[in-house]
Every structure is written in C-alpha cells, then in structure tokens.
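**Q** Questions regarding the structure given below will be posed in turn.
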Amino acid sequence: YGASAPSTPYTKNEEGKGPSWANSLFEDNAEFGFGFVIAQASMRNRVGDLMQKASKSADFSDSQKELFVQWIENKDNGEAVKEISAQIVAVLTGMENEIAKEILSLEKYLTKKSIWVFGGDGWAYDIGFGGLDHVLAMGQDINVLVLDTEVYSNTGGQSS
C-alpha cells in the first residue's frame, strides 16, 4: 500500500505539505498508527499549555492573547486552526520571549493532522492480535481504511 520506495504514490503541494508515510510490522499497523495519534495529541497539548501560559503573561498583547484563545477553542477544527495558526506564527516571529520561541519551535504541531492506518482485510481481522479492535475502542481521532484484498492478503494462511 505505497510501501515500495521507488514508486511511493505520495507527493506534496506548493507549500511543501503532503502526506507522510511510515511502515510498521504488518500485524501491528493499528497500534503503530495509534502511536502517532497519541504523540500528536501530546505535542499539541504542550502547545495549548504554552498558549494558556502566554495568555496570562504581560509579555503578550491583547490581540496575541485573543489568537491563543481562538487556537485553544478551535484546536480540533482542522480548517479553523489552519488560519489561526498562520496568524500566530506571523505575530510571534521575531519575538525574544521564551514562550513565543517555544511555540514557534513547535510550529508543525499547530495545525491538526489527519492520521490514517490502512491495510487489507486479513490485517483488519487482526490475525489473532486484536490490535485494530483495541485502537477503535479507544475513541480517538484516527482514520482506518480497510482494502478488500481477499486471497491476496498476507495472512499466514488465515482466510480473508
């Protein structure tokens, strides 16, 4: 599913943004992708904590504080936070404040990422591991695409 480096189907747009790809052990794919969800959430929570701290600091203007509040309130709205994030980067760039510098160092976490795991139906049946079931039961924001590959699945003999 896009794993062959010479023919990777992923590209980027004019802003240099596009999908990232990583590969895991076949049967651990759901857990591997879920790790990305947890890592992103952790880093974005750090950004939110910094903005909360900045919104109480006299070192930031009211308009900057308002942007921080907007980001915190909309951090899970991908479209809204994209515009707010660009404004935050613009107003913090060049500031000598340590909080501003740290927020800028975490710039790639300002926008909400869409995280996907995908595999064949043999993988989705979990091949005896239960990983996908557990990931879905966590109720986190992760997308799953299951391809009906039937007899072409590498399931170690398990029916697909």
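Letters A, B, ... mark the chains of the structure tokens in the order given; residue numbers begin at 1 per chain; ligand numbers begin at 1, in order shown.
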Quick one: residues within 8 Å of range 89-100 of chain A, only C-alpha atoms, excluding same-chain residues fewer than 5 positions away - as a ChimeraX atom specification?
**A** /A:50,54,59,64,107
**Q** Could you save those same residues with N, CA and C atoms as a short mmCIF file (atom, residue, chain, number, x, y, z; two decimals), in the first residue's frame?
**A**
data_model
loop_
_atom_site.label_atom_id
_atom_site.label_comp_id
_atom_site.auth_asym_id
_atom_site.auth_seq_id
_atom_site.Cartn_x
_atom_site.Cartn_y
_atom_site.Cartn_z
N LEU A 50 1.33 26.05 26.56
CA LEU A 50 2.15 27.25 26.35
C LEU A 50 1.28 28.46 26.02
N ALA A 54 0.91 31.87 28.00
CA ALA A 54 1.15 33.15 27.32
C ALA A 54 -0.05 34.08 27.45
N ASP A 59 3.71 39.87 28.77
CA ASP A 59 4.62 40.00 27.63
C ASP A 59 3.92 39.92 26.27
N GLN A 64 -2.62 39.19 20.54
CA GLN A 64 -1.92 37.90 20.56
C GLN A 64 -2.65 36.93 21.49
N GLU A 107 5.94 24.68 15.81
CA GLU A 107 5.05 25.16 14.74
C GLU A 107 4.34 24.03 13.99
#
**Q** Select from chain A everything DSSP, run on the backbone, classes as alpha helix (DSSP H), then give the selection as a ChimeraX atom specification.
**A** /A:29-54,62-74,78-92,98-105,121-124,131-137
**Q** Residues of range 45-113 of chain A that have any atom at most 12 Å from an atom of range 12-29 of chain A: could you tabulate them with the shortest-distance atom pair and the distance in Å to one decimal, using only C-alpha atoms, ordered by chain and increasing number, as CSV?
**A**
residue,atom,partner,partner_atom,distance
A:Lys108,CA,A:Lys17,CA,10.6
A:Thr111,CA,A:Lys17,CA,11.6
A:Lys113,CA,A:Pro19,CA,9.5
**Q** Between A:Ser61, A:Thr149, A:Thr11, A:Gln40, which residue has the minimum interatomic distance to Ser114 in chain A, considering only C-alpha atoms?
**A**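 Result for the nearest residue to Ser114 in chain A: A:Gln40.
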**Q** Find the spatial neighbours of range 75-81 of chain A, counting only C-alpha atoms, within a cut-off of 7 Å - ignore same-chain residues fewer than 3 positions away - and output them as a VMD selection string.
**A** chain A and resid 71 to 72 84 to 85 111 to 112
**Q** Would you output that residue set with N, CA and C atoms, as a short mmCIF file (atom, residue, chain, number, x, y, z; two decimals), in the first residue's frame?
**A**
data_model
loop_
_atom_site.label_atom_id
_atom_site.label_comp_id
_atom_site.auth_asym_id
_atom_site.auth_seq_id
_atom_site.Cartn_x
_atom_site.Cartn_y
_atom_site.Cartn_z
N TRP A 71 -7.11 29.67 19.17
CA TRP A 71 -6.47 28.39 18.85
C TRP A 71 -6.92 27.30 19.83
N ILE A 72 -6.91 27.63 21.12
CA ILE A 72 -7.29 26.65 22.14
C ILE A 72 -8.73 26.19 21.92
N ILE A 84 -5.81 30.32 11.95
CA ILE A 84 -5.38 30.88 13.23
C ILE A 84 -3.88 30.63 13.45
N SER A 85 -3.43 29.43 13.10
CA SER A 85 -2.02 29.07 13.27
C SER A 85 -1.10 29.96 12.45
N THR A 111 -1.14 22.97 13.47
CA THR A 111 -2.27 22.52 12.66
C THR A 111 -2.61 21.07 13.01
N LYS A 112 -3.88 20.75 12.86
CA LYS A 112 -4.36 19.41 13.17
C LYS A 112 -4.03 18.47 12.01
#
**Q** Please, what distance in Å, to one decimal, runs between CA of Val117 in chain A and CA of Leu136 in chain A?
**A**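 Going from CA of Val117 in chain A over to CA of Leu136 in chain A covers 11.3 Å.
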**Q** Could you give me, as a PyMOL selection string, each residue of chain A that DSSP assigns to strand (DSSP E) when run on this structure's backbone?
**A** chain A and resi 116-120+143-147
**Q** Looking at A:Gly122, A:Val37, A:Ser55, A:Val144, which one is nearest to Phe68 in chain A, with distances taken over only C-alpha atoms?
**A**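 Of all the options, A:Ser55 lies closest to Phe68 in chain A.
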**Q** Which one is closest to Met51 in chain A: A:Ile38, A:Ile115, A:Met138, A:Glu73? Count only C-alpha atoms.
**A**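 Residue with the minimum atom-to-atom distance to Met51 in chain A: A:Glu73.
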**Q** Just how far from CA of Glu66 in chain A is CA of Lys53 in chain A, in Å to one decimal?
**A**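 Value for the CA of Lys53 in chain A-CA of Glu66 in chain A distance: 12.8 Å.
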**Q** Just the number, please: distance in Å from CA of Val69 in chain A to CA of Ile88 in chain A, one decimal.
**A**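 Pair CA of Val69 in chain A / CA of Ile88 in chain A returns 10.9 Å.
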**Q** List as a list in words the protein and nucleic acid residues near Met43 in chain A, meaning an atom at most 10 Å away when only C-alpha atoms are counted, but skip any in the same chain fewer than 6 places from it.
**A**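 Selected residues are Asp49, Leu106, Lys108, Tyr109 and Leu110 of chain A.
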**Q** Looking at only C-alpha atoms, which of A:Ser105, A:Gln87, A:Ala39, A:Asp121 is the one that sits closest to Leu147 in chain A?
**A**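 Nearest to Leu147 in chain A: A:Asp121.
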